[in-house]
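Asks: Here you go, this is start24.cif (mmCIF, C-alpha atoms, pLDDT in the B column; chains and numbers go by the auth columns).
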data_my_file
#
loop_
_atom_site.group_PDB
_atom_site.id
_atom_site.type_symbol
_atom_site.label_atom_id
_atom_site.label_comp_id
_atom_site.label_asym_id
_atom_site.label_seq_id
_atom_site.Cartn_x
_atom_site.Cartn_y
_atom_site.Cartn_z
_atom_site.B_iso_or_equiv
_atom_site.auth_seq_id
_atom_site.auth_asym_id
ATOM 1 C CA MET A 1 0.000 0.000 0.000 77.00 2 R
ATOM 2 C CA THR A 2 1.145 3.491 -0.764 85.00 3 R
ATOM 3 C CA GLU A 3 0.745 5.964 2.078 87.00 4 R
ATOM 4 C CA TYR A 4 0.265 9.683 1.504 87.00 5 R
ATOM 5 C CA ARG A 5 0.877 12.089 4.373 88.00 6 R
ATOM 6 C CA ALA A 6 0.902 15.897 4.510 89.00 7 R
ATOM 7 C CA MET A 7 4.069 17.098 6.243 92.00 8 R
ATOM 8 C CA GLY A 8 4.191 20.454 8.044 94.00 9 R
ATOM 9 C CA ALA A 9 0.838 21.736 6.794 95.00 10 R
ATOM 10 C CA ARG A 10 -2.592 20.551 5.712 93.00 11 R
ATOM 11 C CA GLY A 11 -2.648 18.817 2.372 91.00 12 R
ATOM 12 C CA GLU A 12 -5.094 17.549 -0.162 90.00 13 R
ATOM 13 C CA ILE A 13 -4.948 14.570 -2.484 88.00 14 R
ATOM 14 C CA ALA A 14 -7.241 13.595 -5.327 89.00 15 R
ATOM 15 C CA PHE A 15 -7.928 10.272 -7.009 88.00 16 R
ATOM 16 C CA ALA A 16 -9.704 9.384 -10.230 88.00 17 R
ATOM 17 C CA THR A 17 -11.298 6.229 -11.561 87.00 18 R
ATOM 18 C CA ARG A 18 -9.289 4.155 -14.051 85.00 19 R
ATOM 19 C CA VAL A 19 -12.275 3.758 -16.380 85.00 20 R
ATOM 20 C CA PRO A 20 -15.502 5.776 -16.603 87.00 21 R
ATOM 21 C CA GLY A 21 -17.290 5.274 -13.324 91.00 22 R
ATOM 22 C CA HIS A 22 -17.790 6.512 -9.790 94.00 23 R
ATOM 23 C CA ILE A 23 -15.893 6.800 -6.546 95.00 24 R
ATOM 24 C CA GLN A 24 -18.182 5.789 -3.694 96.00 25 R
ATOM 25 C CA PRO A 25 -17.288 6.881 -0.139 96.00 26 R
ATOM 26 C CA VAL A 26 -18.310 4.524 2.689 97.00 27 R
ATOM 27 C CA GLN A 27 -17.913 4.721 6.468 97.00 28 R
ATOM 28 C CA VAL A 28 -16.317 1.620 7.964 97.00 29 R
ATOM 29 C CA GLY A 29 -16.857 0.531 11.560 97.00 30 R
ATOM 30 C CA PRO A 30 -18.454 -2.137 13.742 94.00 31 R
ATOM 31 C CA GLY A 31 -21.396 -3.570 11.790 91.00 32 R
ATOM 32 C CA MET A 32 -20.372 -1.512 8.725 95.00 33 R
ATOM 33 C CA GLU A 33 -17.910 -3.760 6.894 96.00 34 R
ATOM 34 C CA TYR A 34 -17.930 -4.224 3.124 97.00 35 R
ATOM 35 C CA LEU A 35 -17.001 -6.688 0.426 95.00 36 R
ATOM 36 C CA ILE A 36 -15.925 -5.103 -2.844 96.00 37 R
ATOM 37 C CA HIS A 37 -14.931 -6.416 -6.273 92.00 38 R
ATOM 38 C CA ARG A 38 -11.293 -7.370 -6.789 88.00 39 R
ATOM 39 C CA HIS A 39 -10.158 -4.000 -8.201 88.00 40 R
ATOM 40 C CA GLY A 40 -12.580 -1.811 -6.245 92.00 41 R
ATOM 41 C CA PHE A 41 -10.456 -0.591 -3.332 94.00 42 R
ATOM 42 C CA LEU A 42 -9.182 2.915 -4.042 94.00 43 R
ATOM 43 C CA CYS A 43 -8.035 4.352 -0.707 94.00 44 R
ATOM 44 C CA ALA A 44 -8.872 4.586 2.983 95.00 45 R
ATOM 45 C CA THR A 45 -7.889 6.257 6.230 94.00 46 R
ATOM 46 C CA PRO A 46 -5.129 4.478 8.222 93.00 47 R
ATOM 47 C CA GLN A 47 -7.367 2.483 10.600 95.00 48 R
ATOM 48 C CA VAL A 48 -9.145 0.679 7.741 97.00 49 R
ATOM 49 C CA GLN A 49 -7.852 -2.792 6.856 95.00 50 R
ATOM 50 C CA LEU A 50 -8.102 -4.565 3.506 94.00 51 R
ATOM 51 C CA GLY A 51 -8.120 -8.346 3.144 92.00 52 R
ATOM 52 C CA VAL A 52 -9.563 -11.200 1.130 90.00 53 R
ATOM 53 C CA GLY A 53 -13.248 -11.638 1.894 82.00 54 R
ATOM 54 C CA PHE A 54 -14.344 -14.286 -0.615 73.00 55 R
ATOM 55 C CA GLN A 55 -12.552 -16.459 -3.120 65.00 56 R
ATOM 56 C CA GLN A 56 -14.001 -19.165 -5.333 65.00 57 R
ATOM 57 C CA SER A 57 -12.235 -20.990 -8.127 56.00 58 R
ATOM 58 C CA LEU A 58 -14.647 -21.737 -10.936 53.00 59 R
ATOM 59 C CA GLY A 59 -12.352 -23.275 -13.532 48.00 60 R
ATOM 60 C CA ALA A 60 -10.022 -21.985 -16.202 37.00 61 R
ATOM 61 C CA GLY A 61 -11.330 -19.249 -18.452 40.00 62 R
ATOM 62 C CA VAL A 62 -14.091 -18.141 -16.087 45.00 63 R
ATOM 63 C CA PHE A 63 -13.689 -14.623 -14.655 46.00 64 R
ATOM 64 C CA GLY A 64 -10.385 -14.151 -16.452 46.00 65 R
ATOM 65 C CA GLY A 65 -9.073 -17.559 -15.339 45.00 66 R
ATOM 66 C CA ASP A 66 -8.425 -16.280 -11.810 50.00 67 R
ATOM 67 C CA GLY A 67 -11.652 -17.409 -10.171 59.00 68 R
ATOM 68 C CA PHE A 68 -13.844 -14.952 -8.312 75.00 69 R
ATOM 69 C CA LEU A 69 -12.350 -12.756 -5.599 85.00 70 R
ATOM 70 C CA LEU A 70 -13.802 -10.115 -3.292 92.00 71 R
ATOM 71 C CA GLN A 71 -11.846 -7.813 -1.011 94.00 72 R
ATOM 72 C CA LYS A 72 -13.069 -7.218 2.562 95.00 73 R
ATOM 73 C CA VAL A 73 -12.835 -3.782 4.142 97.00 74 R
ATOM 74 C CA THR A 74 -12.837 -3.714 7.969 97.00 75 R
ATOM 75 C CA GLY A 75 -11.646 -1.472 10.793 97.00 76 R
ATOM 76 C CA VAL A 76 -12.763 2.065 11.564 98.00 77 R
ATOM 77 C CA GLY A 77 -12.634 5.065 9.267 97.00 78 R
ATOM 78 C CA ALA A 78 -13.450 6.205 5.773 97.00 79 R
ATOM 79 C CA CYS A 79 -12.939 4.210 2.597 97.00 80 R
ATOM 80 C CA TRP A 80 -13.408 5.039 -1.065 96.00 81 R
ATOM 81 C CA ILE A 81 -14.244 2.363 -3.597 96.00 82 R
ATOM 82 C CA GLU A 82 -14.096 2.521 -7.387 95.00 83 R
ATOM 83 C CA LEU A 83 -17.087 1.267 -9.359 94.00 84 R
ATOM 84 C CA SER A 84 -17.195 1.125 -13.164 92.00 85 R
ATOM 85 C CA GLY A 85 -19.976 2.675 -15.209 91.00 86 R
ATOM 86 C CA GLU A 86 -23.186 3.817 -13.579 93.00 87 R
ATOM 87 C CA LEU A 87 -24.245 2.726 -10.092 93.00 88 R
ATOM 88 C CA ILE A 88 -27.389 0.917 -9.132 95.00 89 R
ATOM 89 C CA VAL A 89 -27.927 0.857 -5.367 97.00 90 R
ATOM 90 C CA LYS A 90 -30.269 -1.736 -3.858 97.00 91 R
ATOM 91 C CA ASP A 91 -31.286 -1.994 -0.219 98.00 92 R
ATOM 92 C CA LEU A 92 -32.218 -5.633 0.323 98.00 93 R
ATOM 93 C CA ALA A 93 -34.734 -6.581 3.003 98.00 94 R
ATOM 94 C CA PRO A 94 -34.024 -9.593 5.222 98.00 95 R
ATOM 95 C CA GLY A 95 -34.350 -12.723 3.063 97.00 96 R
ATOM 96 C CA GLU A 96 -34.700 -10.753 -0.201 98.00 97 R
ATOM 97 C CA THR A 97 -32.437 -12.186 -2.938 97.00 98 R
ATOM 98 C CA LEU A 98 -30.995 -10.424 -5.948 96.00 99 R
ATOM 99 C CA ARG A 99 -29.415 -12.514 -8.733 93.00 100 R
ATOM 100 C CA VAL A 100 -26.976 -10.731 -11.061 92.00 101 R
ATOM 101 C CA HIS A 101 -24.021 -11.462 -13.310 89.00 102 R
ATOM 102 C CA PRO A 102 -21.004 -11.676 -10.954 89.00 103 R
ATOM 103 C CA GLY A 103 -19.094 -8.992 -12.879 87.00 104 R
ATOM 104 C CA HIS A 104 -21.781 -6.428 -12.047 92.00 105 R
ATOM 105 C CA VAL A 105 -21.358 -6.870 -8.282 94.00 106 R
ATOM 106 C CA GLY A 106 -19.447 -3.757 -7.227 94.00 107 R
ATOM 107 C CA ALA A 107 -19.753 -3.841 -3.436 96.00 108 R
ATOM 108 C CA PHE A 108 -22.079 -4.863 -0.635 96.00 109 R
ATOM 109 C CA GLN A 109 -22.336 -4.692 3.134 96.00 110 R
ATOM 110 C CA SER A 110 -20.993 -7.752 4.936 95.00 111 R
ATOM 111 C CA SER A 111 -24.489 -8.404 6.334 96.00 112 R
ATOM 112 C CA VAL A 112 -25.485 -9.507 2.806 96.00 113 R
ATOM 113 C CA SER A 113 -25.069 -13.220 2.093 94.00 114 R
ATOM 114 C CA PHE A 114 -23.153 -13.868 -1.140 93.00 115 R
ATOM 115 C CA GLN A 115 -23.033 -17.042 -3.198 90.00 116 R
ATOM 116 C CA ILE A 116 -22.001 -17.933 -6.753 88.00 117 R
ATOM 117 C CA THR A 117 -24.620 -20.174 -8.351 84.00 118 R
ATOM 118 C CA ARG A 118 -24.852 -21.907 -11.703 78.00 119 R
ATOM 119 C CA ILE A 119 -27.645 -20.954 -14.082 74.00 120 R
ATOM 120 C CA ALA A 120 -30.276 -23.697 -14.158 72.00 121 R
ATOM 121 C CA GLY A 121 -31.310 -25.339 -17.423 63.00 122 R
ATOM 122 C CA ILE A 122 -29.195 -26.384 -20.386 64.00 123 R
ATOM 123 C CA LYS A 123 -30.985 -23.932 -22.747 58.00 124 R
ATOM 124 C CA ASN A 124 -30.193 -21.018 -20.436 55.00 125 R
ATOM 125 C CA MET A 125 -26.560 -22.098 -20.196 54.00 126 R
ATOM 126 C CA ILE A 126 -26.168 -22.434 -23.977 58.00 127 R
ATOM 127 C CA PHE A 127 -28.276 -19.535 -25.216 58.00 128 R
ATOM 128 C CA GLY A 128 -28.035 -17.137 -22.260 52.00 129 R
ATOM 129 C CA GLY A 129 -25.053 -15.383 -23.822 52.00 130 R
ATOM 130 C CA ASP A 130 -23.653 -14.077 -20.560 55.00 131 R
ATOM 131 C CA GLY A 131 -21.947 -17.045 -18.931 61.00 132 R
ATOM 132 C CA ILE A 132 -23.221 -19.843 -16.768 76.00 133 R
ATOM 133 C CA PHE A 133 -22.856 -18.289 -13.308 82.00 134 R
ATOM 134 C CA LEU A 134 -24.913 -15.818 -11.294 87.00 135 R
ATOM 135 C CA ALA A 135 -24.211 -14.117 -7.996 91.00 136 R
ATOM 136 C CA ALA A 136 -26.989 -14.530 -5.446 93.00 137 R
ATOM 137 C CA LEU A 137 -27.023 -11.699 -2.893 95.00 138 R
ATOM 138 C CA THR A 138 -29.457 -12.119 0.014 97.00 139 R
ATOM 139 C CA GLY A 139 -30.313 -9.318 2.451 96.00 140 R
ATOM 140 C CA PRO A 140 -30.408 -7.545 4.715 97.00 141 R
ATOM 141 C CA GLY A 141 -28.032 -4.853 3.539 97.00 142 R
ATOM 142 C CA ARG A 142 -27.007 -2.467 0.799 97.00 143 R
ATOM 143 C CA VAL A 143 -25.639 -3.597 -2.579 97.00 144 R
ATOM 144 C CA TRP A 144 -23.868 -1.444 -5.184 97.00 145 R
ATOM 145 C CA LEU A 145 -24.036 -2.793 -8.732 96.00 146 R
ATOM 146 C CA GLN A 146 -21.772 -1.488 -11.495 94.00 147 R
ATOM 147 C CA THR A 147 -22.993 -1.301 -15.074 91.00 148 R
ATOM 148 C CA LEU A 148 -19.605 -1.443 -16.817 85.00 149 R
ATOM 149 C CA PRO A 149 -17.322 -4.146 -15.398 79.00 150 R
ATOM 150 C CA ILE A 150 -13.780 -3.732 -16.716 76.00 151 R
ATOM 151 C CA ALA A 151 -13.819 -7.206 -18.332 74.00 152 R
ATOM 152 C CA LYS A 152 -16.890 -6.290 -20.395 74.00 153 R
ATOM 153 C CA LEU A 153 -15.333 -2.951 -21.381 75.00 154 R
ATOM 154 C CA ALA A 154 -12.131 -4.698 -22.465 76.00 155 R
ATOM 155 C CA HIS A 155 -14.127 -7.231 -24.483 74.00 156 R
ATOM 156 C CA GLN A 156 -16.009 -4.457 -26.294 76.00 157 R
ATOM 157 C CA LEU A 157 -12.763 -2.575 -27.060 80.00 158 R
ATOM 158 C CA MET A 158 -10.955 -5.639 -28.464 84.00 159 R
ATOM 159 C CA GLN A 159 -12.474 -5.167 -31.926 84.00 160 R
ATOM 160 C CA TYR A 160 -10.726 -1.785 -32.162 85.00 161 R
ATOM 161 C CA MET A 161 -7.321 -2.984 -30.990 83.00 162 R
ATOM 162 C CA PRO A 162 -4.574 -4.011 -33.399 84.00 163 R
ATOM 163 C CA SER A 163 -3.541 -7.643 -33.248 75.00 164 R
ATOM 164 C CA ALA A 164 -1.373 -9.991 -35.278 64.00 165 R
ATOM 165 C CA GLY A 165 -2.822 -10.381 -38.765 56.00 166 R
ATOM 166 C CA ARG A 166 -5.515 -7.741 -38.272 54.00 167 R
ATOM 167 C CA GLU A 167 -5.255 -4.041 -38.972 53.00 168 R
ATOM 168 C CA ARG A 168 -7.095 -1.595 -36.746 50.00 169 R
ATOM 169 C CA THR A 169 -10.212 -0.213 -38.411 50.00 170 R
ATOM 170 C CA GLU A 170 -10.247 3.572 -38.614 49.00 171 R
ATOM 171 C CA GLY A 171 -13.608 5.315 -38.363 53.00 172 R
ATOM 172 C CA GLY A 172 -14.963 7.412 -41.238 53.00 173 R
ATOM 173 C CA VAL A 173 -13.251 9.161 -44.144 50.00 174 R
ATOM 174 C CA VAL A 174 -10.985 11.340 -41.985 50.00 175 R
ATOM 175 C CA GLY A 175 -9.987 8.341 -39.869 54.00 176 R
ATOM 176 C CA GLY A 176 -9.111 6.382 -43.014 52.00 177 R
ATOM 177 C CA ILE A 177 -6.952 9.206 -44.370 51.00 178 R
ATOM 178 C CA VAL A 178 -5.176 9.752 -41.035 50.00 179 R
ATOM 179 C CA GLY A 179 -4.760 5.990 -40.612 55.00 180 R
ATOM 180 C CA SER A 180 -3.219 5.564 -44.057 54.00 181 R
ATOM 181 C CA LEU A 181 -0.841 8.484 -43.421 51.00 182 R
ATOM 182 C CA LEU A 182 0.266 7.019 -40.091 56.00 183 R
ATOM 183 C CA ASN A 183 0.599 3.485 -41.438 56.00 184 R
ATOM 184 C CA GLY A 184 2.099 4.792 -44.684 51.00 185 R
#
Can the structure in the file be given as structure tokens, please?
Replies:
Amino acid sequence: MTEYRAMGARGEIAFATRVPGHIQPVQVGPGMEYLIHRHGFLCATPQVQLGVGFQQSLGAGVFGGDGFLLQKVTGVGACWIELSGELIVKDLAPGETLRVHPGHVGAFQSSVSFQITRIAGIKNMIFGGDGIFLAALTGPGRVWLQTLPIAKLAHQLMQYMPSAGRERTEGGVVGGIVGSLLNG
């Protein structure tokens, strides 16, 4: 962890998201602990601790081949988490369950039960188009969903990236002219 400290006078530091999204501040304390997606921790005050809160291996190629990992934020203080895209905040009642694609789970209070489940039915698994796993979040507690997980963003951008044997496609007439001049 990198530590920033103002020496001799008050200071100010600013952070930005890595991809379009939001920085969500949360207060951490007894009964107010959080689990956040693997790249969601941005920064915190010194008395906040970060650890592994959940890890499940689901086989090669699923979730980037690394399995599914959540970070746990505990201690006392302020914490800022990074969530990609727009935020959808849900307050789950006791026993209320929300099922979502695991990549859209941004953060949730530790009072929320979390489980990775497989989608039922062979047709759903084959034709669902979005993988074979769902996250089941059961209340009580608050859940923050993110609309643009970094893996989905990367997948969408791949068609515009140069790769061996494939030239990058330039957009429009001006893009074609500029591209041919640069590649020229």
Asks: Quick check, in Å to one decimal: how far apart do CA of Val53 in chain R and CA of Val144 in chain R lie?
Replies: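 We find that CA of Val53 in chain R and CA of Val144 in chain R lie 18.2 Å from each other.
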Asks: Would you pick out the contacts of Val90 in chain R at 10 Å or less, using all atoms listed in the file, so that residues sharing its chain but fewer than 5 positions from it are not included, and give the list as a PyMOL selection string?
Replies: chain R and resi 107-109+143-147
Asks: Exactly which residues make up the result of the PyMOL selection byres ((chain R and resi 138) around 10) on this file, given as a ChimeraX atom specification?
Replies: /R:93,96-101,106,109,113-117,135-137,139-144
Asks: Just how far from CA of His102 in chain R is CA of His23 in chain R, in Å to one decimal?
Replies: 19.3 Å
Asks: Taking the file as shown, what set of residues would the PyMOL selection byres ((chain R and resi 15) around 12) give back, as a list in words?
Replies: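 Going through the file, the PyMOL selection byres ((chain R and resi 15) around 12) ends up selecting Tyr5, Gly12, Glu13, Ile14, Phe16, Ala17, Thr18, Ile24, Leu43, Cys44 and Trp81 of chain R.
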Asks: By how many Å are CA of Arg119 in chain R and CA of Gly86 in chain R apart?
Replies: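 Pair CA of Arg119 in chain R / CA of Gly86 in chain R returns 25.3 Å.
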Asks: Evaluated on this file, the PyMOL selection byres ((chain R and resi 75) around 7) picks out some residues - which ones are they, written as number ranges by chain?
Replies: R: 29-30, 34, 49-51, 73-74, 76-77
Asks: Produce the centre coordinates and the three edge lengths, each in Å to one decimal, of the box along x, y and z that contains all listed atoms of range 86-96 of chain R with 6 Å added on each side, as AutoDock Vina command-line options.
Replies:
--center_x -27.4 --center_y -4.5 --center_z -5.0 --size_x 26.8 --size_y 28.5 --size_z 32.4
Asks: Just checking: using all atoms listed in the file, which residue out of R:Gly22, R:Pro31, R:Pro103, R:Pro47 ends up closest to Cys80 in chain R?
Replies: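 Answer, going by the shortest atom-to-atom distance: R:Pro47.
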Asks: Could I see range 37-48 of chain R restored to all heavy atoms, set down as a PDB file, in the coordinates of the input?
Replies:
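Contents of the output file rebuild-v3.pdb:
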ATOM      1  N   ILE R  37     -15.968  -5.851  -1.590  1.00 96.00           N
ATOM      2  CA  ILE R  37     -15.925  -5.103  -2.844  1.00 96.00           C
ATOM      3  C   ILE R  37     -15.243  -5.954  -3.915  1.00 96.00           C
ATOM      4  O   ILE R  37     -14.487  -6.871  -3.605  1.00 96.00           O
ATOM      5  CB  ILE R  37     -15.187  -3.751  -2.678  1.00 96.00           C
ATOM      6  CG1 ILE R  37     -13.766  -3.953  -2.161  1.00 96.00           C
ATOM      7  CG2 ILE R  37     -15.952  -2.842  -1.748  1.00 96.00           C
ATOM      8  CD1 ILE R  37     -12.949  -2.693  -2.043  1.00 96.00           C
ATOM      9  N   HIS R  38     -15.519  -5.629  -5.184  1.00 92.00           N
ATOM     10  CA  HIS R  38     -14.931  -6.416  -6.273  1.00 92.00           C
ATOM     11  C   HIS R  38     -13.418  -6.292  -6.247  1.00 92.00           C
ATOM     12  O   HIS R  38     -12.854  -5.380  -5.645  1.00 92.00           O
ATOM     13  CB  HIS R  38     -15.532  -6.020  -7.624  1.00 92.00           C
ATOM     14  CG  HIS R  38     -15.121  -4.678  -8.136  1.00 92.00           C
ATOM     15  ND1 HIS R  38     -14.069  -4.503  -8.997  1.00 92.00           N
ATOM     16  CD2 HIS R  38     -15.623  -3.442  -7.892  1.00 92.00           C
ATOM     17  CE1 HIS R  38     -13.942  -3.215  -9.270  1.00 92.00           C
ATOM     18  NE2 HIS R  38     -14.874  -2.550  -8.621  1.00 92.00           N
ATOM     19  N   ARG R  39     -12.744  -7.195  -6.919  1.00 88.00           N
ATOM     20  CA  ARG R  39     -11.293  -7.370  -6.789  1.00 88.00           C
ATOM     21  C   ARG R  39     -10.469  -6.116  -7.056  1.00 88.00           C
ATOM     22  O   ARG R  39      -9.399  -5.961  -6.505  1.00 88.00           O
ATOM     23  CB  ARG R  39     -10.828  -8.531  -7.645  1.00 88.00           C
ATOM     24  CG  ARG R  39     -10.355  -8.185  -9.011  1.00 88.00           C
ATOM     25  CD  ARG R  39      -9.701  -9.306  -9.759  1.00 88.00           C
ATOM     26  NE  ARG R  39      -9.829 -10.572  -9.112  1.00 88.00           N
ATOM     27  CZ  ARG R  39      -9.614 -11.723  -9.663  1.00 88.00           C
ATOM     28  NH1 ARG R  39      -9.255 -11.794 -10.917  1.00 88.00           N
ATOM     29  NH2 ARG R  39      -9.741 -12.843  -9.017  1.00 88.00           N
ATOM     30  N   HIS R  40     -10.918  -5.211  -7.910  1.00 88.00           N
ATOM     31  CA  HIS R  40     -10.158  -4.000  -8.201  1.00 88.00           C
ATOM     32  C   HIS R  40     -10.831  -2.754  -7.646  1.00 88.00           C
ATOM     33  O   HIS R  40     -10.520  -1.647  -8.065  1.00 88.00           O
ATOM     34  CB  HIS R  40      -9.975  -3.846  -9.718  1.00 88.00           C
ATOM     35  CG  HIS R  40      -9.305  -5.016 -10.351  1.00 88.00           C
ATOM     36  ND1 HIS R  40      -7.987  -5.329 -10.121  1.00 88.00           N
ATOM     37  CD2 HIS R  40      -9.782  -5.976 -11.184  1.00 88.00           C
ATOM     38  CE1 HIS R  40      -7.673  -6.420 -10.803  1.00 88.00           C
ATOM     39  NE2 HIS R  40      -8.742  -6.841 -11.441  1.00 88.00           N
ATOM     40  N   GLY R  41     -11.754  -2.918  -6.704  1.00 92.00           N
ATOM     41  CA  GLY R  41     -12.580  -1.811  -6.245  1.00 92.00           C
ATOM     42  C   GLY R  41     -11.989  -0.933  -5.162  1.00 92.00           C
ATOM     43  O   GLY R  41     -12.424   0.205  -4.992  1.00 92.00           O
ATOM     44  N   PHE R  42     -11.016  -1.415  -4.402  1.00 94.00           N
ATOM     45  CA  PHE R  42     -10.456  -0.591  -3.332  1.00 94.00           C
ATOM     46  C   PHE R  42      -9.626   0.531  -3.935  1.00 94.00           C
ATOM     47  O   PHE R  42      -8.737   0.302  -4.733  1.00 94.00           O
ATOM     48  CB  PHE R  42      -9.576  -1.438  -2.401  1.00 94.00           C
ATOM     49  CG  PHE R  42      -8.928  -0.643  -1.310  1.00 94.00           C
ATOM     50  CD1 PHE R  42      -9.636  -0.315  -0.169  1.00 94.00           C
ATOM     51  CD2 PHE R  42      -7.617  -0.217  -1.435  1.00 94.00           C
ATOM     52  CE1 PHE R  42      -9.042   0.430   0.841  1.00 94.00           C
ATOM     53  CE2 PHE R  42      -7.018   0.525  -0.437  1.00 94.00           C
ATOM     54  CZ  PHE R  42      -7.726   0.850   0.706  1.00 94.00           C
ATOM     55  N   LEU R  43      -9.928   1.763  -3.550  1.00 94.00           N
ATOM     56  CA  LEU R  43      -9.182   2.915  -4.042  1.00 94.00           C
ATOM     57  C   LEU R  43      -8.276   3.461  -2.957  1.00 94.00           C
ATOM     58  O   LEU R  43      -7.064   3.539  -3.139  1.00 94.00           O
ATOM     59  CB  LEU R  43     -10.149   3.989  -4.543  1.00 94.00           C
ATOM     60  CG  LEU R  43      -9.526   5.194  -5.216  1.00 94.00           C
ATOM     61  CD1 LEU R  43      -8.718   4.792  -6.441  1.00 94.00           C
ATOM     62  CD2 LEU R  43     -10.605   6.190  -5.608  1.00 94.00           C
ATOM     63  N   CYS R  44      -8.846   3.835  -1.809  1.00 94.00           N
ATOM     64  CA  CYS R  44      -8.035   4.352  -0.707  1.00 94.00           C
ATOM     65  C   CYS R  44      -8.866   4.359   0.574  1.00 94.00           C
ATOM     66  O   CYS R  44     -10.082   4.186   0.530  1.00 94.00           O
ATOM     67  CB  CYS R  44      -7.517   5.757  -1.022  1.00 94.00           C
ATOM     68  SG  CYS R  44      -8.802   6.983  -1.304  1.00 94.00           S
ATOM     69  N   ALA R  45      -8.189   4.568   1.694  1.00 95.00           N
ATOM     70  CA  ALA R  45      -8.872   4.586   2.983  1.00 95.00           C
ATOM     71  C   ALA R  45      -8.009   5.316   4.005  1.00 95.00           C
ATOM     72  O   ALA R  45      -6.814   5.523   3.791  1.00 95.00           O
ATOM     73  CB  ALA R  45      -9.145   3.164   3.461  1.00 95.00           C
ATOM     74  N   THR R  46      -8.631   5.671   5.111  1.00 94.00           N
ATOM     75  CA  THR R  46      -7.889   6.257   6.230  1.00 94.00           C
ATOM     76  C   THR R  46      -7.092   5.138   6.908  1.00 94.00           C
ATOM     77  O   THR R  46      -7.369   3.954   6.704  1.00 94.00           O
ATOM     78  CB  THR R  46      -8.859   6.945   7.204  1.00 94.00           C
ATOM     79  OG1 THR R  46      -9.860   6.004   7.606  1.00 94.00           O
ATOM     80  CG2 THR R  46      -9.524   8.159   6.552  1.00 94.00           C
ATOM     81  N   PRO R  47      -6.079   5.486   7.713  1.00 93.00           N
ATOM     82  CA  PRO R  47      -5.129   4.478   8.222  1.00 93.00           C
ATOM     83  C   PRO R  47      -5.715   3.336   9.052  1.00 93.00           C
ATOM     84  O   PRO R  47      -5.156   2.243   9.075  1.00 93.00           O
ATOM     85  CB  PRO R  47      -4.167   5.301   9.080  1.00 93.00           C
ATOM     86  CG  PRO R  47      -4.271   6.688   8.569  1.00 93.00           C
ATOM     87  CD  PRO R  47      -5.672   6.844   8.077  1.00 93.00           C
ATOM     88  N   GLN R  48      -6.836   3.539   9.736  1.00 95.00           N
ATOM     89  CA  GLN R  48      -7.367   2.483  10.600  1.00 95.00           C
ATOM     90  C   GLN R  48      -8.251   1.480   9.860  1.00 95.00           C
ATOM     91  O   GLN R  48      -8.821   0.581  10.464  1.00 95.00           O
ATOM     92  CB  GLN R  48      -8.164   3.088  11.757  1.00 95.00           C
ATOM     93  CG  GLN R  48      -7.307   3.839  12.763  1.00 95.00           C
ATOM     94  CD  GLN R  48      -6.873   5.213  12.241  1.00 95.00           C
ATOM     95  OE1 GLN R  48      -7.570   5.846  11.450  1.00 95.00           O
ATOM     96  NE2 GLN R  48      -5.706   5.665  12.668  1.00 95.00           N
TER      97      GLN R  48
END
